[in-house]
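Printed here is work-v3.txt (compact mmCIF, C-alpha atoms):
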```txt
# COMPACT_ATOMS: atom_id res chain seq x y z
CA MET X 1 59.65 114.68 -22.20
CA GLN X 2 62.36 115.51 -24.76
CA LEU X 3 65.51 113.48 -25.43
CA PHE X 4 67.19 116.32 -27.34
CA GLU X 5 70.09 118.01 -25.50
CA VAL X 6 70.15 121.70 -26.39
CA SER X 7 73.56 123.01 -27.37
CA ASP X 8 74.73 126.43 -28.58
CA ILE X 9 76.71 125.17 -31.56
CA LEU X 10 76.83 128.57 -33.24
CA ASN X 11 78.61 130.32 -30.35
CA GLN X 12 80.21 127.30 -28.66
CA PRO X 13 81.23 124.59 -31.14
CA TYR X 14 83.13 122.71 -28.39
CA GLU X 15 82.39 121.33 -24.94
CA ILE X 16 85.38 119.69 -23.27
CA TYR X 17 85.53 118.62 -19.65
CA LEU X 18 86.45 115.93 -17.12
CA SER X 19 83.55 113.99 -15.63
CA GLU X 20 83.01 111.61 -12.74
CA THR X 21 79.28 111.27 -13.46
CA LYS X 22 78.20 107.64 -13.59
CA GLU X 23 74.85 108.19 -15.23
CA PHE X 24 73.68 110.30 -18.16
CA PRO X 25 70.09 109.41 -19.20
CA LEU X 26 69.22 108.66 -22.81
CA HIS X 27 69.73 111.77 -24.98
CA TRP X 28 70.96 112.99 -28.36
CA HIS X 29 72.54 116.18 -29.72
CA TYR X 30 74.04 117.71 -32.85
CA TYR X 31 77.58 117.33 -31.52
CA SER X 32 79.96 114.48 -32.21
CA GLU X 33 81.18 113.11 -28.88
CA ILE X 34 84.38 111.38 -27.75
CA LEU X 35 84.78 109.62 -24.39
CA TYR X 36 88.22 108.67 -23.10
CA ILE X 37 88.23 106.61 -19.89
CA LYS X 38 90.95 107.70 -17.46
CA LYS X 39 89.86 105.63 -14.44
CA GLY X 40 87.28 102.94 -13.69
CA SER X 41 84.62 101.80 -16.15
CA ILE X 42 81.20 102.87 -17.47
CA ARG X 43 78.49 101.23 -19.52
CA ILE X 44 77.46 103.00 -22.70
CA THR X 45 74.27 102.28 -24.62
CA CYS X 46 73.72 103.60 -28.13
CA ASN X 47 70.86 102.66 -30.45
CA GLU X 48 69.91 99.75 -28.19
CA LYS X 49 73.41 98.23 -28.13
CA SER X 50 75.50 98.24 -24.94
CA HIS X 51 79.22 98.05 -24.22
CA ILE X 52 81.39 98.48 -21.12
CA LEU X 53 84.29 100.91 -21.54
CA GLN X 54 87.30 100.18 -19.35
CA GLU X 55 90.21 102.38 -18.29
CA GLY X 56 92.16 103.47 -21.38
CA ASP X 57 89.32 102.74 -23.84
CA LEU X 58 87.99 105.35 -26.24
CA CYS X 59 84.54 105.74 -27.76
CA TYR X 60 83.26 108.01 -30.54
CA PHE X 61 79.51 108.71 -30.77
CA TYR X 62 78.20 109.86 -34.13
CA PRO X 63 76.15 113.08 -34.02
CA LEU X 64 72.36 112.70 -33.72
CA GLN X 65 72.50 109.21 -32.18
CA LEU X 66 70.55 108.32 -29.03
CA HIS X 67 72.96 107.27 -26.28
CA GLU X 68 73.30 107.04 -22.52
CA ILE X 69 75.86 106.30 -19.81
CA SER X 70 75.10 104.04 -16.86
CA PRO X 71 77.23 102.85 -13.91
CA THR X 72 79.12 99.60 -13.49
CA GLU X 73 80.37 98.24 -10.16
CA ASP X 74 83.37 100.59 -10.16
CA LYS X 75 82.98 103.22 -7.43
CA VAL X 76 85.50 105.67 -8.88
CA VAL X 77 85.11 106.81 -12.48
CA GLU X 78 86.86 109.56 -14.38
CA TYR X 79 86.74 110.25 -18.10
CA THR X 80 87.30 113.07 -20.56
CA ILE X 81 84.40 114.21 -22.74
CA VAL X 82 85.04 116.05 -25.99
CA LYS X 83 81.92 117.32 -27.77
CA PHE X 84 82.33 119.24 -31.01
CA ASP X 85 80.46 120.33 -34.11
CA PHE X 86 82.13 118.38 -36.91
CA HIS X 87 80.85 120.80 -39.54
CA THR X 88 82.90 123.68 -38.10
CA LEU X 89 86.17 121.86 -38.77
CA THR X 90 88.18 123.07 -41.75
CA LEU X 91 88.73 119.87 -43.66
CA PRO X 92 91.02 119.50 -46.68
CA PRO X 93 88.81 118.88 -49.76
CA ALA X 94 90.85 115.82 -50.71
CA HIS X 95 89.92 114.10 -47.41
CA GLN X 96 86.50 115.61 -46.69
CA ALA X 97 84.30 112.86 -48.15
CA LYS X 98 86.26 110.08 -46.46
CA LEU X 99 86.26 111.84 -43.10
CA TYR X 100 82.47 112.28 -43.28
CA ASP X 101 82.20 108.55 -43.99
CA TYR X 102 84.28 107.84 -40.90
CA PHE X 103 82.74 110.32 -38.49
CA ILE X 104 79.27 111.34 -39.69
CA HIS X 105 77.68 108.48 -41.60
CA ARG X 106 76.85 105.11 -40.12
CA LEU X 107 77.37 102.41 -42.73
CA SER X 108 75.12 99.77 -41.18
CA THR X 109 72.76 99.12 -38.29
CA ASP X 110 75.64 97.53 -36.34
CA ASP X 111 77.74 100.66 -36.79
CA PHE X 112 76.33 102.19 -33.58
CA CYS X 113 79.52 103.95 -32.47
CA ILE X 114 83.30 103.57 -32.82
CA ILE X 115 84.98 101.82 -29.88
CA ILE X 116 88.75 101.48 -29.70
CA PRO X 117 90.01 99.38 -26.77
CA LYS X 118 93.08 100.31 -24.76
CA ASP X 119 95.25 97.63 -26.35
CA GLU X 120 94.74 99.11 -29.83
CA LEU X 121 95.34 102.77 -28.93
CA SER X 122 98.65 104.58 -28.86
CA GLN X 123 98.23 105.23 -25.15
CA GLU X 124 100.81 107.89 -24.47
CA PRO X 125 99.92 110.10 -27.46
CA MET X 126 96.17 109.77 -26.79
CA THR X 127 96.58 110.66 -23.11
CA THR X 128 98.70 113.65 -24.14
CA TYR X 129 96.16 114.80 -26.75
CA MET X 130 93.30 114.58 -24.25
CA LYS X 131 95.20 116.41 -21.50
CA HIS X 132 96.30 119.10 -23.92
CA ILE X 133 92.92 119.75 -25.53
CA LEU X 134 91.30 119.97 -22.07
CA HIS X 135 94.00 122.35 -20.80
CA THR X 136 93.73 124.51 -23.94
CA TYR X 137 89.94 124.72 -23.69
CA GLN X 138 90.00 125.64 -20.00
CA ASN X 139 92.74 128.29 -20.27
CA ARG X 140 91.81 129.81 -23.64
CA ASP X 141 95.11 131.49 -24.29
CA GLU X 142 95.91 133.26 -27.55
CA PHE X 143 95.29 131.00 -30.59
CA TYR X 144 93.50 128.47 -28.34
CA SER X 145 90.86 127.61 -30.95
CA LEU X 146 93.56 126.87 -33.54
CA GLN X 147 95.44 124.69 -31.03
CA MET X 148 92.22 122.84 -30.14
CA GLN X 149 91.55 122.06 -33.78
CA ALA X 150 95.12 120.76 -34.14
CA ASP X 151 94.65 118.45 -31.13
CA LEU X 152 91.23 117.37 -32.38
CA TYR X 153 92.67 116.50 -35.81
CA SER X 154 95.32 114.36 -34.09
CA ILE X 155 92.64 112.53 -32.07
CA LEU X 156 90.43 111.95 -35.13
CA ILE X 157 93.38 110.68 -37.18
CA GLU X 158 94.20 108.21 -34.38
CA ILE X 159 90.56 107.03 -34.30
CA ALA X 160 90.42 106.67 -38.09
CA LYS X 161 93.66 104.67 -38.18
CA LYS X 162 92.65 102.32 -35.36
CA SER X 163 88.98 101.99 -36.37
CA LYS X 164 87.90 98.76 -38.04
CA LYS X 165 85.28 100.66 -40.01
CA GLU X 166 85.55 99.72 -43.68
CA ILE X 167 85.26 102.70 -45.98
CA GLY X 168 84.69 101.91 -49.64
CA SER X 169 87.15 103.19 -52.22
CA VAL X 170 84.37 105.12 -53.94
CA THR X 171 82.66 107.55 -51.58
CA ARG X 172 79.20 108.89 -52.29
CA HIS X 173 78.68 112.43 -53.49
CA ARG X 174 77.62 114.74 -50.67
CA ASN X 175 75.59 117.91 -50.91
CA ASP X 176 74.15 120.46 -48.49
CA THR X 177 70.83 118.63 -48.35
CA ASP X 178 72.53 115.72 -46.57
CA PHE X 179 73.19 117.96 -43.57
CA THR X 180 70.24 120.39 -43.45
CA PHE X 181 67.62 117.68 -43.05
CA HIS X 182 69.05 116.57 -39.68
CA HIS X 183 66.81 119.11 -37.93
CA ILE X 184 63.88 116.79 -38.61
CA LEU X 185 65.07 114.66 -35.66
CA GLU X 186 64.42 117.56 -33.31
CA TYR X 187 60.93 117.94 -34.79
CA ILE X 188 60.23 114.19 -34.33
CA ASP X 189 61.44 114.36 -30.73
CA THR X 190 59.22 117.34 -29.94
CA HIS X 191 56.12 116.01 -31.73
CA SER X 192 56.46 112.25 -31.17
CA GLY X 193 53.22 112.18 -29.16
CA GLU X 194 51.28 113.46 -32.18
CA PRO X 195 50.40 111.74 -35.50
CA LEU X 196 53.45 111.95 -37.79
CA GLU X 197 53.29 111.23 -41.52
CA ILE X 198 56.54 110.47 -43.36
CA GLN X 199 55.27 112.29 -46.45
CA ALA X 200 54.74 115.45 -44.39
CA LEU X 201 58.21 115.18 -42.81
CA ALA X 202 59.76 114.81 -46.28
CA ALA X 203 57.88 117.91 -47.45
CA MET X 204 59.23 119.87 -44.47
CA CYS X 205 62.73 119.03 -45.73
CA HIS X 206 61.77 119.94 -49.31
CA MET X 207 62.38 116.38 -50.46
CA SER X 208 60.43 113.71 -52.24
CA TYR X 209 59.21 110.82 -50.08
CA SER X 210 61.60 108.34 -51.72
CA HIS X 211 64.68 110.57 -51.40
CA PHE X 212 63.88 111.42 -47.78
CA ALA X 213 63.31 107.75 -46.89
CA LYS X 214 66.56 106.68 -48.59
CA LEU X 215 68.60 109.46 -46.95
CA PHE X 216 67.10 108.76 -43.51
CA ARG X 217 67.99 105.06 -43.64
CA GLU X 218 71.50 105.85 -44.90
CA HIS X 219 72.17 108.15 -41.96
CA TYR X 220 70.40 106.40 -39.10
CA GLY X 221 70.42 102.70 -40.00
CA ARG X 222 66.62 102.36 -39.80
CA SER X 223 63.55 103.72 -41.56
CA CYS X 224 61.96 106.96 -40.39
CA LYS X 225 58.86 105.01 -39.30
CA GLU X 226 61.00 102.66 -37.20
CA TYR X 227 62.84 105.64 -35.70
CA ILE X 228 59.58 107.35 -34.70
CA THR X 229 58.37 104.13 -33.05
CA TYR X 230 61.68 103.79 -31.22
CA ILE X 231 61.48 107.35 -29.85
CA ARG X 232 57.91 106.70 -28.65
CA LEU X 233 58.94 103.43 -26.98
CA VAL X 234 61.89 105.06 -25.18
CA LYS X 235 59.65 107.83 -23.82
CA ALA X 236 56.99 105.30 -22.84
CA GLN X 237 59.60 103.22 -20.99
CA ASP X 238 60.70 106.28 -19.02
CA LEU X 239 57.10 106.97 -17.98
CA LEU X 240 56.56 103.32 -17.05
CA LEU X 241 59.60 103.21 -14.80
CA HIS X 242 59.48 106.68 -13.25
CA THR X 243 55.79 107.61 -12.95
CA ASP X 244 52.54 106.06 -11.76
CA TYR X 245 50.62 107.02 -14.89
CA ASP X 246 48.05 104.53 -16.17
CA ILE X 247 49.28 102.40 -19.09
CA ASN X 248 46.43 103.57 -21.29
CA TYR X 249 47.41 107.20 -20.59
CA ILE X 250 51.07 106.45 -21.40
CA ALA X 251 50.07 104.82 -24.69
CA LEU X 252 48.10 107.86 -25.84
CA GLU X 253 50.57 110.39 -24.41
CA THR X 254 53.49 108.90 -26.34
CA GLY X 255 51.72 108.68 -29.70
CA PHE X 256 50.40 105.10 -30.00
CA PHE X 257 47.01 104.45 -31.62
CA ASP X 258 45.59 102.79 -28.52
CA CYS X 259 46.62 100.69 -25.52
CA SER X 260 46.54 97.34 -27.34
CA HIS X 261 48.77 98.70 -30.11
CA PHE X 262 51.19 100.00 -27.47
CA ILE X 263 51.29 96.66 -25.61
CA ARG X 264 51.95 94.69 -28.82
CA THR X 265 54.69 97.05 -29.97
CA TYR X 266 56.34 97.23 -26.55
CA LYS X 267 56.41 93.44 -26.13
CA LYS X 268 57.95 93.05 -29.59
CA TRP X 269 60.65 95.57 -28.58
CA LYS X 270 61.48 94.41 -25.03
CA GLY X 271 60.10 90.87 -24.83
CA LEU X 272 57.94 92.10 -21.91
CA THR X 273 54.55 93.74 -21.71
CA PRO X 274 54.47 97.29 -20.28
CA LYS X 275 52.93 95.90 -17.09
CA GLN X 276 55.70 93.31 -16.71
CA GLU X 277 58.33 96.02 -17.35
CA ARG X 278 56.86 98.19 -14.61
CA MET X 279 56.74 95.29 -12.12
```

I need this file expressed as structure tokens, please.
Amino acid sequence: MQLFEVSDILNQPYEIYLSETKEFPLHWHYYSEILYIKKGSIRITCNEKSHILQEGDLCYFYPLQLHEISPTEDKVVEYTIVKFDFHTLTLPPAHQAKLYDYFIHRLSTDDFCIIIPKDELSQEPMTTYMKHILHTYQNRDEFYSLQMQADLYSILIEIAKKSKKEIGSVTRHRNDTDFTFHHILEYIDTHSGEPLEIQALAAMCHMSYSHFAKLFREHYGRSCKEYITYIRLVKAQDLLLHTDYDINYIALETGFFDCSHFIRTYKKWKGLTPKQERM
């Protein structure tokens, strides 16, 4: 089982569409993602925190963050999804560092996504931006990619203005290493059932242990060890709820030392034992 959603960022840096789907299982991808609710409501969960988005609300998911969509009681749901590779945008150097702090880097564990409720959005402009970027993407007339970037800039500026995210006056220096090491998440996802050593992961990124550990916590709000455990727990939960596999088998299949270690870790995470969760 892999949580990673494959995307052809090189050839298709955008995915923009209307959706009425009420459930997207837990997944992650390299794209940034914007949801704009046109009708009804949906529940979003990101990094173990949940929120219900109502009609007119907007949500921005940082790239590389585990998230899912689940239904509420509303029978009719419609929302616009804008997925894009932030690194393909041509950003003015004067604003680049601040925009990365807004849209790439989480500043704390609680910074799980950016949610802007209907009452705080400029409704008519946002609706217009969303309609226009969707129309442009679907029709692909001459200069469509330039027009899409213009609409996307307008949407991001609106999010940045309305966001309550506090960006410090002194932004940290960025370098290419900050962005190339993200591929380690895909490796963790693929190999989470195997023994994983942080030192070895750091070496794969050509970093020292301390620099890798610091950079990982800065970007994902938790240590690499905690992230690996979380990925294993999420996969174990899926097997518990959707298969009849023995709990001992699930423990070993998802990378835990043994069944007792799995039970202890799972109960600490969910407040239930794996057996209680399954029941």

Nearby residues (all atoms listed in the file) at most 9 Å from Leu185 of chain X, same-chain spacing under 5 positions excluded, as a PyMOL selection string: chain X and resi 4+64+190

Coordinates-based distance that separates atom CA of Gly221 of chain X from atom CA of Leu201 of chain X (Å, one decimal):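 Atom CA of Leu201 of chain X sits 17.7 Å away from atom CA of Gly221 of chain X.
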
Distance in Å - atom CA of Thr80 of chain X versus atom CA of Tyr17 of chain X: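 Computing the Euclidean distance for atom CA of Thr80 of chain X and atom CA of Tyr17 of chain X yields 5.9 Å.
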
Long-range neighbours of segment 147-164 of chain X as a PyMOL selection string, 6 Å cut-off, only C-alpha atoms, 2 positions minimum in chain: chain X and resi 129+133+144-145

Produce a file of the selected residues containing C-alpha atoms, as a PDB file, keeping the file's coordinate frame.
```
ATOM      1  CA  TYR X 129      96.160 114.800 -26.750  1.00  0.00           C
ATOM      2  CA  ILE X 133      92.920 119.750 -25.530  1.00  0.00           C
ATOM      3  CA  TYR X 144      93.500 128.470 -28.340  1.00  0.00           C
ATOM      4  CA  SER X 145      90.860 127.610 -30.950  1.00  0.00           C
TER       5      SER X 145
END
```

Best match for closeness to Cys205 of chain X among X:Phe143, X:Tyr187, X:Tyr31, X:Tyr62, counting all atoms listed in the file: X:Tyr187

Atom pair atom CA of Glu5 of chain X / atom CA of His27 of chain X: separation (Å): 6.3 Å

Segment 100-104 of chain X surroundings by all atoms listed in the file, 9 Å radius, close-in-sequence under 6 positions cut, as a list in words: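 The residues satisfying every condition are Ser32, Tyr60, Phe61, Tyr62, Pro63, Phe86, Ile114, Leu156, Ala160, Ser163, Lys165, Glu166, Ile167, Thr171, Arg172 and His219 of chain X.
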
Keeping only C-alpha atoms, take the residues you just selected and write them out as an mmCIF file, in the frame of the given file.
```cif
data_model
loop_
_atom_site.group_PDB
_atom_site.id
_atom_site.type_symbol
_atom_site.label_atom_id
_atom_site.label_comp_id
_atom_site.auth_asym_id
_atom_site.auth_seq_id
_atom_site.Cartn_x
_atom_site.Cartn_y
_atom_site.Cartn_z
ATOM 1 C CA SER X 32 79.960 114.480 -32.210
ATOM 2 C CA TYR X 60 83.260 108.010 -30.540
ATOM 3 C CA PHE X 61 79.510 108.710 -30.770
ATOM 4 C CA TYR X 62 78.200 109.860 -34.130
ATOM 5 C CA PRO X 63 76.150 113.080 -34.020
ATOM 6 C CA PHE X 86 82.130 118.380 -36.910
ATOM 7 C CA ILE X 114 83.300 103.570 -32.820
ATOM 8 C CA LEU X 156 90.430 111.950 -35.130
ATOM 9 C CA ALA X 160 90.420 106.670 -38.090
ATOM 10 C CA SER X 163 88.980 101.990 -36.370
ATOM 11 C CA LYS X 165 85.280 100.660 -40.010
ATOM 12 C CA GLU X 166 85.550 99.720 -43.680
ATOM 13 C CA ILE X 167 85.260 102.700 -45.980
ATOM 14 C CA THR X 171 82.660 107.550 -51.580
ATOM 15 C CA ARG X 172 79.200 108.890 -52.290
ATOM 16 C CA HIS X 219 72.170 108.150 -41.960
#
```

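Minimum atom-to-atom distances from X:Asp57, X:Asp110, X:Glu253, X:Asp74 to His191 of chain X were compared using all atoms listed in the file, and the lowest value belongs to X:Glu253.
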
From X:Phe257, X:Tyr137, X:Tyr230, X:Tyr14, residue lying nearest Pro195 of chain X [only C-alpha atoms]: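 Answer, going by the shortest atom-to-atom distance: X:Phe257.
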
Contacts of Val76 of chain X at 9 Å (only C-alpha atoms; same-chain gap of 2+ positions) as a PyMOL selection string: chain X and resi 20+22+39-41+74+78

Segment 118-152 of chain X rebuilt with N, CA and C atoms, output as a PDB file, in the coordinates of the input:
```pdb
ATOM      1  N   LYS X 118      91.768  99.840 -25.238  1.00  0.00           N
ATOM      2  CA  LYS X 118      93.080 100.310 -24.760  1.00  0.00           C
ATOM      3  C   LYS X 118      94.231  99.666 -25.517  1.00  0.00           C
ATOM      4  N   ASP X 119      94.143  98.353 -25.743  1.00  0.00           N
ATOM      5  CA  ASP X 119      95.250  97.630 -26.350  1.00  0.00           C
ATOM      6  C   ASP X 119      95.541  98.078 -27.778  1.00  0.00           C
ATOM      7  N   GLU X 120      94.560  98.712 -28.429  1.00  0.00           N
ATOM      8  CA  GLU X 120      94.740  99.110 -29.830  1.00  0.00           C
ATOM      9  C   GLU X 120      95.056 100.595 -29.981  1.00  0.00           C
ATOM     10  N   LEU X 121      95.044 101.340 -28.879  1.00  0.00           N
ATOM     11  CA  LEU X 121      95.340 102.770 -28.930  1.00  0.00           C
ATOM     12  C   LEU X 121      96.814 103.035 -28.654  1.00  0.00           C
ATOM     13  N   SER X 122      97.309 104.104 -29.231  1.00  0.00           N
ATOM     14  CA  SER X 122      98.650 104.580 -28.860  1.00  0.00           C
ATOM     15  C   SER X 122      98.477 105.362 -27.563  1.00  0.00           C
ATOM     16  N   GLN X 123      98.652 104.688 -26.435  1.00  0.00           N
ATOM     17  CA  GLN X 123      98.230 105.230 -25.150  1.00  0.00           C
ATOM     18  C   GLN X 123      98.865 106.568 -24.789  1.00  0.00           C
ATOM     19  N   GLU X 124     100.158 106.665 -24.897  1.00  0.00           N
ATOM     20  CA  GLU X 124     100.810 107.890 -24.470  1.00  0.00           C
ATOM     21  C   GLU X 124     100.392 109.091 -25.318  1.00  0.00           C
ATOM     22  N   PRO X 125     100.395 108.975 -26.656  1.00  0.00           N
ATOM     23  CA  PRO X 125      99.920 110.100 -27.460  1.00  0.00           C
ATOM     24  C   PRO X 125      98.456 110.461 -27.173  1.00  0.00           C
ATOM     25  N   MET X 126      97.583 109.468 -27.019  1.00  0.00           N
ATOM     26  CA  MET X 126      96.170 109.770 -26.790  1.00  0.00           C
ATOM     27  C   MET X 126      95.973 110.476 -25.457  1.00  0.00           C
ATOM     28  N   THR X 127      96.658 110.002 -24.416  1.00  0.00           N
ATOM     29  CA  THR X 127      96.580 110.660 -23.110  1.00  0.00           C
ATOM     30  C   THR X 127      97.065 112.105 -23.215  1.00  0.00           C
ATOM     31  N   THR X 128      98.147 112.305 -23.957  1.00  0.00           N
ATOM     32  CA  THR X 128      98.700 113.650 -24.140  1.00  0.00           C
ATOM     33  C   THR X 128      97.722 114.542 -24.893  1.00  0.00           C
ATOM     34  N   TYR X 129      97.119 114.013 -25.980  1.00  0.00           N
ATOM     35  CA  TYR X 129      96.160 114.800 -26.750  1.00  0.00           C
ATOM     36  C   TYR X 129      94.989 115.231 -25.869  1.00  0.00           C
ATOM     37  N   MET X 130      94.467 114.292 -25.077  1.00  0.00           N
ATOM     38  CA  MET X 130      93.300 114.580 -24.250  1.00  0.00           C
ATOM     39  C   MET X 130      93.634 115.615 -23.161  1.00  0.00           C
ATOM     40  N   LYS X 131      94.783 115.453 -22.516  1.00  0.00           N
ATOM     41  CA  LYS X 131      95.200 116.410 -21.500  1.00  0.00           C
ATOM     42  C   LYS X 131      95.375 117.803 -22.112  1.00  0.00           C
ATOM     43  N   HIS X 132      95.978 117.829 -23.302  1.00  0.00           N
ATOM     44  CA  HIS X 132      96.300 119.100 -23.920  1.00  0.00           C
ATOM     45  C   HIS X 132      95.060 119.829 -24.407  1.00  0.00           C
ATOM     46  N   ILE X 133      94.129 119.100 -25.019  1.00  0.00           N
ATOM     47  CA  ILE X 133      92.920 119.750 -25.530  1.00  0.00           C
ATOM     48  C   ILE X 133      92.057 120.262 -24.373  1.00  0.00           C
ATOM     49  N   LEU X 134      92.042 119.528 -23.256  1.00  0.00           N
ATOM     50  CA  LEU X 134      91.300 119.970 -22.070  1.00  0.00           C
ATOM     51  C   LEU X 134      91.946 121.224 -21.482  1.00  0.00           C
ATOM     52  N   HIS X 135      93.273 121.203 -21.352  1.00  0.00           N
ATOM     53  CA  HIS X 135      94.000 122.350 -20.800  1.00  0.00           C
ATOM     54  C   HIS X 135      93.799 123.588 -21.689  1.00  0.00           C
ATOM     55  N   THR X 136      93.888 123.394 -22.991  1.00  0.00           N
ATOM     56  CA  THR X 136      93.730 124.510 -23.940  1.00  0.00           C
ATOM     57  C   THR X 136      92.339 125.116 -23.841  1.00  0.00           C
ATOM     58  N   TYR X 137      91.327 124.253 -23.760  1.00  0.00           N
ATOM     59  CA  TYR X 137      89.940 124.720 -23.690  1.00  0.00           C
ATOM     60  C   TYR X 137      89.672 125.483 -22.397  1.00  0.00           C
ATOM     61  N   GLN X 138      90.241 124.999 -21.305  1.00  0.00           N
ATOM     62  CA  GLN X 138      90.000 125.640 -20.000  1.00  0.00           C
ATOM     63  C   GLN X 138      90.732 126.971 -19.873  1.00  0.00           C
ATOM     64  N   ASN X 139      91.942 127.079 -20.439  1.00  0.00           N
ATOM     65  CA  ASN X 139      92.740 128.290 -20.270  1.00  0.00           C
ATOM     66  C   ASN X 139      92.479 129.351 -21.343  1.00  0.00           C
ATOM     67  N   ARG X 140      92.180 128.907 -22.543  1.00  0.00           N
ATOM     68  CA  ARG X 140      91.810 129.810 -23.640  1.00  0.00           C
ATOM     69  C   ARG X 140      92.823 130.937 -23.840  1.00  0.00           C
ATOM     70  N   ASP X 141      94.056 130.521 -23.987  1.00  0.00           N
ATOM     71  CA  ASP X 141      95.110 131.490 -24.290  1.00  0.00           C
ATOM     72  C   ASP X 141      94.999 131.925 -25.757  1.00  0.00           C
ATOM     73  N   GLU X 142      95.911 132.797 -26.165  1.00  0.00           N
ATOM     74  CA  GLU X 142      95.910 133.260 -27.550  1.00  0.00           C
ATOM     75  C   GLU X 142      96.059 132.066 -28.501  1.00  0.00           C
ATOM     76  N   PHE X 143      95.290 132.065 -29.575  1.00  0.00           N
ATOM     77  CA  PHE X 143      95.290 131.000 -30.590  1.00  0.00           C
ATOM     78  C   PHE X 143      94.741 129.677 -30.054  1.00  0.00           C
ATOM     79  N   TYR X 144      93.978 129.730 -28.950  1.00  0.00           N
ATOM     80  CA  TYR X 144      93.500 128.470 -28.340  1.00  0.00           C
ATOM     81  C   TYR X 144      92.624 127.669 -29.292  1.00  0.00           C
ATOM     82  N   SER X 145      91.760 128.342 -30.066  1.00  0.00           N
ATOM     83  CA  SER X 145      90.860 127.610 -30.950  1.00  0.00           C
ATOM     84  C   SER X 145      91.637 126.882 -32.043  1.00  0.00           C
ATOM     85  N   LEU X 146      92.712 127.509 -32.523  1.00  0.00           N
ATOM     86  CA  LEU X 146      93.560 126.870 -33.540  1.00  0.00           C
ATOM     87  C   LEU X 146      94.271 125.663 -32.948  1.00  0.00           C
ATOM     88  N   GLN X 147      94.764 125.802 -31.701  1.00  0.00           N
ATOM     89  CA  GLN X 147      95.440 124.690 -31.030  1.00  0.00           C
ATOM     90  C   GLN X 147      94.473 123.531 -30.778  1.00  0.00           C
ATOM     91  N   MET X 148      93.225 123.881 -30.392  1.00  0.00           N
ATOM     92  CA  MET X 148      92.220 122.840 -30.140  1.00  0.00           C
ATOM     93  C   MET X 148      91.922 122.051 -31.407  1.00  0.00           C
ATOM     94  N   GLN X 149      91.808 122.766 -32.524  1.00  0.00           N
ATOM     95  CA  GLN X 149      91.550 122.060 -33.780  1.00  0.00           C
ATOM     96  C   GLN X 149      92.715 121.130 -34.121  1.00  0.00           C
ATOM     97  N   ALA X 150      93.950 121.597 -33.865  1.00  0.00           N
ATOM     98  CA  ALA X 150      95.120 120.760 -34.140  1.00  0.00           C
ATOM     99  C   ALA X 150      95.076 119.479 -33.298  1.00  0.00           C
ATOM    100  N   ASP X 151      94.752 119.617 -32.003  1.00  0.00           N
ATOM    101  CA  ASP X 151      94.650 118.450 -31.130  1.00  0.00           C
ATOM    102  C   ASP X 151      93.506 117.539 -31.569  1.00  0.00           C
ATOM    103  N   LEU X 152      92.387 118.155 -31.958  1.00  0.00           N
ATOM    104  CA  LEU X 152      91.230 117.370 -32.380  1.00  0.00           C
ATOM    105  C   LEU X 152      91.539 116.588 -33.653  1.00  0.00           C
TER     106      LEU X 152
END
```
